[in-house]
Amino acid sequence: MKPAPFDYVRAESVEHAVATLAAAGSDGKIIAGGQSLMPMINFRLVRPAVLVDINRISGLDRIEDRGKHLRLGALVRHRMTASDAVIARDVPVLHAAMENVAHLTVRNRGTFCGSVCHADPSAEMPMLTLLLDGVVRIAGPNGEREIAAADFLTGSLTNALDPAEMVTAIDIAKPAPGTGWGFAEFARRHGDYALAAVSVLIERADGAARNVRVAVMGVGEIASRIVPAEAVLEGREPTAAVIAEAVAALRDDIEPMSDLSASADYRRHLAGALAAKVIAQAWERAA
Amino acid sequence: MTQADISVELRPKLVGSRVKRTEDPRLLTGTGQYVDDIKLADMVHVAILRSDQPHALIREIRVGDTSSVPGLIGIYDWTDLEGEVRPAIPTSRMKGYYATPYWPLARGKVRYVGEPVVAVVADSRYAAEDALGLIEIDYEPLPFAIRQVDAVREDAPLLHEEAGTNVIVERTFMRGDIEDAIASAPVVVRGQFRMTRKTATSMECRSYLAEYDTRRRALTLWTSSNIPGIIRDALSDALDLPGSRMRVVAPDVGGSFGGKGSLYHEEMLVCLLARKLERPVKYVADRLEELSSSSQAFDQLIDGELAVARDGTFLGLRCDVIGDIGAYSIYPWTGGIEPVQVISFMPGPYKIEHYHGRVRAVLTPKPPTGPYRGVGRPSSTFAMERLIDMAARELGMDPADLRRHNLVSDGEFPYRTAPGIIWDQSAFQQCLAGAREAIGYDGLRVWQEQARAEGRWVGIGISSYAELTGIGSRIAVAPGMPINTGTETAIIRIDSTGAVEASFGIASHGQGLETTLAQVIADELGCAMDDVVVLQGDSSLVPMSSGTYASRSAVIAGGAATQASRALKGKVLRMAAHVMAEPVEDLEAERGWIRSRTSNAGMTFKEVARAVYLQMGTIPRDIREDLTVTETYDPFLGTACSSTHICVAEVDRETFGVRLLKYVVAEDCGRIINPMIVDGQVHGAVAQGIGAALLEEIVYDDEGQLVTASLADYLLPLASDVLDMQIVHIEAELPNNVGGFRGMGEGGTIGAPAAIANAISDALAPLGLGIQTLPATPERLFQLIRPHLNTLEENTK
C-alpha cells in the first residue's frame, strides 16, 4: 500500500498552482488536507503524475463574513468550520453537522472545499453546500469563474472542474434570521460515512412554512435537494399529516443504492425517519 | 505459626496489587521495539503479489520490462524455492482428518483471494510495489463453492483434490440418549445460529524480518508472533536447521488476539529469501493484506436444540455444526480448532446429561480460520445462551432463574461435561449472583416494564460461560495436536551484581506478563521487583517453548516462576546463612533484603551474589551453590475460568441502531496477580465482543472476492461504541495448581456477544423476534423487524 512515484510541487500562489496543473495536463492533482486523496493514492486507485500542494498559499485559510454569505477558503479545515463563532451563530445547521464529520485528527486536516470537490455521496459538506445555496469559486488558466454547487456536483466522486482548475473558495448563504433548521444523521459508528442524513431549513410566515429546503445524502449517487418534499411543505403548516406526506414524497424521490452497509430499502426507510424528525425540529425552531 | 511467621504473612504482597505495568514506559514513549523498528545493514524489502482468484491453476507468470524500477533485486515464485523448503503440515491424531500442506508461495494453484503467489524483493517497499504492477499471472479459473452449505455437498468442487473431500474434520461427541430426551421433553427450543466471519485486526500488522548469518549458517527471524517457540520448531523442520541455527524472536508485539498465533507463508518466505540472498529481508503486511490474508475466525453454522423439563431442568442438547475453515488447515492448530471447540464447549457451565454434538469442518476458498480470542466459545456460548433465553420465554421463567437452576453448583464439582471437559471447582453460581446484584437485576426488570410501556425497545441479556485455561500436558489445546503446549520452563538466575533475570518460553503481546511474572517472582524469591527482568518472546531462552495463547501464561509460566523462585530462594538463604553465620531457618527474604528473625543481622541480595561469585573464600567451595535454577511446571490438567455478563440494550425504533446502556461482568479468575491488568483484559475483551456483536464482519461475495478490504468497511468498535462497564471479581475456591491462578485473557470475547444478543432479543421479545445471526447490524434488524412494521404502526395508532 505504497503510492506509485509522483512529482511534488509546493505551490507559492494560486497562479502557480494553476500553472502547474496546466503543465501536468490531466495528470495533476491538488492536495490540501489529503484525507481522501492519500488513501486513494496509497491504494494506487489514483495515480497523479504531479501532486500540487496548496497548503503554503497564503490567504486561503479564512472564513470571511461577507454579510449575506460566508466565504470559506480552500484551506479552511473542518476544525475551523466546527469552531467558528459566526457559523455557530448564523449557520447553526452547519455548526451542528460538524460533530458528525469523522474524527478529530481528520477534522484537523480535512478541508471544507476538499470535501465538496471529492463529492462523496455520503459526506456532509456537499449536502450542506447544496442546502445553503453554495457557490463554488474556481481559478483556472483563463481567470476566475463561479458556479452553483448544484452544477458543480456532477455525480458520485465527480465534479465540474477542468483538469487545470482549482477551487479557491466556496460561498454559502446565511439563512434569513429566524429560519428554523434541522440536521440528523445515522452512521454505523460515530464519525463514519452516513447511511443517511437529512438537513432542513424552514422559514415561518403567517403560520405556514416558506422557502423550505430539504437536502439528503447517503441515499443516492450524490447529495441532493428533494424538491418534491419541499413542494409538499411549502406554504403549509407542517402538521404530522403534512410531514408524513413530505416524507412519502422524499422516499419516493430518492434512489438509494444497496451496498455492504445497507440495502436500498433500509436507506429509504431511514431517510424518511430522519426527515420526519428534522422537519418537525426545523418548524419548531422557526420564528 | 510463630509470631514472626504471622508478621511475614501479613506483609503486603505484590501479587494482588495494582502494580503499574513495567512495559508501559517504553511502549508509551515510543521506545518500544516492534519488528518494523528493527533496521539492519543491507536490509531489503518484500512485496507480495497475491491471488485475485478464489480457485485457479497458475498457467504462466510473466514479468514485463523491469528496467523502469530502480532498486529491484529479484522476483520469485514457487519454482524458485523448490527443494529449499519442506511444507509445514498441521498433523493431528483426529480420525479421518486431512492435513493440508502449507508452502511459502502458492504452488501451481491458488485457493483463496489473497494467497501469496509471487514475491518481489527490492531495496525499498515502494520499488517492490512498483514492480508488482509489471507481473502478469495467467490463471485458469476452477469451479469453487464459497459457502459452507455448498462446500459440504458431495458433488462440490474440491479445493485439495488429494483430500478427496472438502470436509477434512468430522467429529461427534455423545452422551446418553439424545433422541429420547428430545422426544419426551415437554419443551424443546431450536434455532440456527451463526456468528459471521471475523478477523483479529491488531494495531500492528503482521511483520517479519529474517537475517542469515553466513559465518554460522544460522537464521534469525524477528516476528510479530505470539508463538515464537512453535514457529522456531516449524521452521527448523521446514528449512532443515537445528534449533542452534534457527532462532525466532518476538520483540514488542502490538496485539495478536490469536491472529498472530499461527505459522504464516511469509514467515517461511523471508527466511528462505534471506538465506538465498544472504541479506536481511523484511516483510510488513499492510492493512489490506492483514484483512485479506491473516487468519480469520468464527463462521460456524450451528443448528441447536435444547430439551427442557417444565421445572426448567435441561434434559438434553443437540447441535450440528458446519465450520467454514477457509482454504487450509491452519498450522499448527488444524482447521478443527474453532469448530471442534464449538461442540466441545456447547454445554457450557450447565448440567446436561444427554448430548449429541456433531461438527464438520469444511474447506472453502477463503483465508484459513485460526485461533481467535475465545476460540470456538464465542460461537458456542452465543448459540447456547440464546437457546436458554428461548427456553425461558417458552417456560415463562426468568432467564436468570433458569440459569441458576442449571449451572453446576458447589458440591457438584469436579463436573464432567458430556464432551468430556472436567470443570474443577469454580464460582459458576457466585458469578451469576454477583452480576445480578451488581447490575440490580430485579430493579432493572421493573424499569424495563415502564420503558416498554413508553414504547421503548429495551432488553436485558445474560450470558454465563466457563472456559478451560492453563491446560497442562494431559490435554491437547487443539484437537489431536501432537505438539506439547502444557509445560513451561522458567530459568531464573541471579548474576554477580545481584540482578535477577528470569527467562520464559511465553511471548507477551500486550498482556503485561513482564509485570505480572515479576510480581510473582519478587514475592516468592523475596527480591525487589525493580531488580527482576523478565525475558520472553525468544526461542533461544529456554530449551522448549511455545508462546502465549489459550489463556496459559499466567497459570503455567506463573507456576514455573513460583517453583523456580522458591528453589532459588532456598539457595540464596543457604548462602546468606553461611555468610551471616545464622541458622537458615531464621532467615527471611523480602524486597531484596535477607534478615534474621532472631537477630539484627541482615544483608542484601547483591551482597549474597558478591559473596557467591566474587569474594573467593567467603563461602567454601564445597557448599557454594550457583544462584541459578531451572524449573519446568506442568499443571497436567486445566482449570476452569468462569464468568457471567449482564447487558442492557436498546434498539432505536426509527434507525434500528443498538445502544448499550449498562454492562456488568462478574468473573472468577482465581488468585488475582494484578487487578489493574485483569480489569484491562476484561475491558478490552468486552470491547472486542461488542465488535463481534454489533459491527465486525468479513464478507466474501459470490465471486469469492473480499468486499470488506479496509477499515472503512470492516468496522471495529470505537471508543464511542464501548461503554463504561462494572467488573466484579469473585475469588472463590482457588484452583489446585501451583499459583492458584486461572487464565483470564480471553473471557470477555466469549461472554459479550451472547449477552448483547440476548439483550437485543429481549428488547424485541414483545414482537416475538430474536437474534440468530451476529453482528446485529441495523440492516439485519431492519430486515428482521420490517415484516412487523405495519402491525406496529397499527398498534401505535
# chains A, B, ... in the order shown; residues from 1 in each chain; ligands from 1
$ interface_residues --of "chain B" --to "chain A" --cutoff "7 Å" --atoms "only C-alpha atoms" --output "MDAnalysis selection string"
chainID B and resid 126 129:130 286 654:655 720 779 782
$ select_by_dssp --residues "segment 138-269 of chain A" --states "strand (DSSP E or B)" --output "JSON, numbers by chain"
{"A": [138, 139, 140, 143, 144, 145, 146, 147, 148, 153, 154, 155, 158, 159, 166, 167, 168, 169, 170, 171, 172, 173, 180, 181, 182, 183, 184, 185, 186, 196, 197, 198, 199, 200, 201, 202, 203, 204, 205, 208, 209, 210, 211, 212, 213, 214, 215, 216, 217, 224, 225]}
$ write_last_selection --atoms "C-alpha atoms" --output "JSON list (two decimals), in the first residue's frame"
[["chain", "number", "residue", "atom", "x", "y", "z"],
["A", 138, "ILE", "CA", -12.81, 28.44, -9.27],
["A", 139, "ALA", "CA", -9.43, 29.63, -10.56],
["A", 140, "GLY", "CA", -8.13, 28.41, -13.90],
["A", 143, "GLY", "CA", -9.00, 33.53, -14.76],
["A", 144, "GLU", "CA", -11.76, 33.00, -12.23],
["A", 145, "ARG", "CA", -15.30, 31.70, -12.54],
["A", 146, "GLU", "CA", -18.20, 30.93, -10.22],
["A", 147, "ILE", "CA", -20.53, 28.02, -10.43],
["A", 148, "ALA", "CA", -23.56, 26.99, -8.36],
["A", 153, "LEU", "CA", -21.54, 18.36, -8.07],
["A", 154, "THR", "CA", -22.00, 16.24, -11.17],
["A", 155, "GLY", "CA", -22.09, 12.76, -9.67],
["A", 158, "THR", "CA", -17.02, 13.71, -9.80],
["A", 159, "ASN", "CA", -17.25, 17.47, -10.17],
["A", 166, "MET", "CA", -8.77, 24.57, -8.65],
["A", 167, "VAL", "CA", -11.37, 25.65, -6.15],
["A", 168, "THR", "CA", -10.25, 28.72, -4.23],
["A", 169, "ALA", "CA", -13.30, 29.17, -2.01],
["A", 170, "ILE", "CA", -16.95, 28.30, -1.55],
["A", 171, "ASP", "CA", -19.58, 30.87, -0.64],
["A", 172, "ILE", "CA", -22.51, 29.72, 1.46],
["A", 173, "ALA", "CA", -25.59, 31.80, 2.10],
["A", 180, "GLY", "CA", -35.67, 27.02, 11.51],
["A", 181, "TRP", "CA", -33.17, 24.27, 10.90],
["A", 182, "GLY", "CA", -32.74, 20.60, 11.43],
["A", 183, "PHE", "CA", -29.98, 18.10, 10.85],
["A", 184, "ALA", "CA", -29.91, 14.37, 11.56],
["A", 185, "GLU", "CA", -27.55, 11.66, 10.52],
["A", 186, "PHE", "CA", -27.24, 7.96, 11.14],
["A", 196, "ALA", "CA", -28.35, 8.55, 5.52],
["A", 197, "ALA", "CA", -28.54, 12.15, 6.62],
["A", 198, "VAL", "CA", -31.15, 14.85, 6.18],
["A", 199, "SER", "CA", -30.90, 18.59, 6.63],
["A", 200, "VAL", "CA", -33.76, 21.06, 6.52],
["A", 201, "LEU", "CA", -34.28, 24.84, 6.53],
["A", 202, "ILE", "CA", -37.75, 26.34, 7.02],
["A", 203, "GLU", "CA", -38.88, 29.93, 7.35],
["A", 204, "ARG", "CA", -42.16, 30.63, 9.12],
["A", 205, "ALA", "CA", -44.60, 33.25, 7.88],
["A", 208, "ALA", "CA", -47.00, 28.44, 7.17],
["A", 209, "ALA", "CA", -43.67, 27.09, 6.00],
["A", 210, "ARG", "CA", -41.81, 29.21, 3.46],
["A", 211, "ASN", "CA", -38.57, 28.79, 1.50],
["A", 212, "VAL", "CA", -38.38, 25.16, 2.54],
["A", 213, "ARG", "CA", -35.18, 23.35, 1.78],
["A", 214, "VAL", "CA", -34.70, 19.66, 2.25],
["A", 215, "ALA", "CA", -31.38, 18.05, 1.36],
["A", 216, "VAL", "CA", -30.26, 14.47, 1.77],
["A", 217, "MET", "CA", -27.07, 12.46, 1.48],
["A", 224, "SER", "CA", -29.27, 16.38, -3.42],
["A", 225, "ARG", "CA", -32.16, 18.68, -2.64]]
$ closest_atom_pairs --of "segment 594-674 of chain B" --to "segment 332-350 of chain B" --cutoff "12 Å" --atoms "only C-alpha atoms" --output "JSON lines"
{"residue": "B:Ala640", "atom": "CA", "partner": "B:Pro349", "partner_atom": "CA", "distance": 9.5}
{"residue": "B:Cys641", "atom": "CA", "partner": "B:Pro349", "partner_atom": "CA", "distance": 10.1}
{"residue": "B:Ser642", "atom": "CA", "partner": "B:Pro349", "partner_atom": "CA", "distance": 8.1}
{"residue": "B:Ser643", "atom": "CA", "partner": "B:Pro349", "partner_atom": "CA", "distance": 9.7}
{"residue": "B:Thr644", "atom": "CA", "partner": "B:Pro349", "partner_atom": "CA", "distance": 10.5}
$ residues_around --residues "Phe173 of chain B" --least-positions-apart "6" --cutoff "6 Å" --atoms "only C-alpha atoms" --output "PyMOL selection string"
chain B and resi 356-357+419
$ write_last_selection --atoms "all heavy atoms" --output "tab-separated table (two decimals), in the first residue's frame"
chain	number	residue	atom	x	y	z
B	356	HIS	N	-25.64	-34.57	22.13
B	356	HIS	CA	-25.12	-35.05	20.85
B	356	HIS	C	-24.59	-33.83	20.10
B	356	HIS	O	-25.34	-32.91	19.79
B	356	HIS	CB	-26.22	-35.75	20.05
B	356	HIS	CG	-25.71	-36.37	18.78
B	356	HIS	ND1	-25.47	-35.64	17.64
B	356	HIS	CD2	-25.36	-37.65	18.50
B	356	HIS	CE1	-25.01	-36.46	16.70
B	356	HIS	NE2	-24.93	-37.68	17.19
B	357	GLY	N	-23.32	-33.82	19.86
B	357	GLY	CA	-22.71	-32.71	19.12
B	357	GLY	C	-21.95	-33.26	17.93
B	357	GLY	O	-21.12	-34.17	18.07
B	419	PRO	N	-19.07	-33.64	26.56
B	419	PRO	CA	-17.93	-33.83	25.66
B	419	PRO	C	-16.65	-34.22	26.40
B	419	PRO	O	-15.62	-34.42	25.74
B	419	PRO	CB	-17.76	-32.46	24.98
B	419	PRO	CG	-19.05	-31.75	25.20
B	419	PRO	CD	-19.55	-32.24	26.52
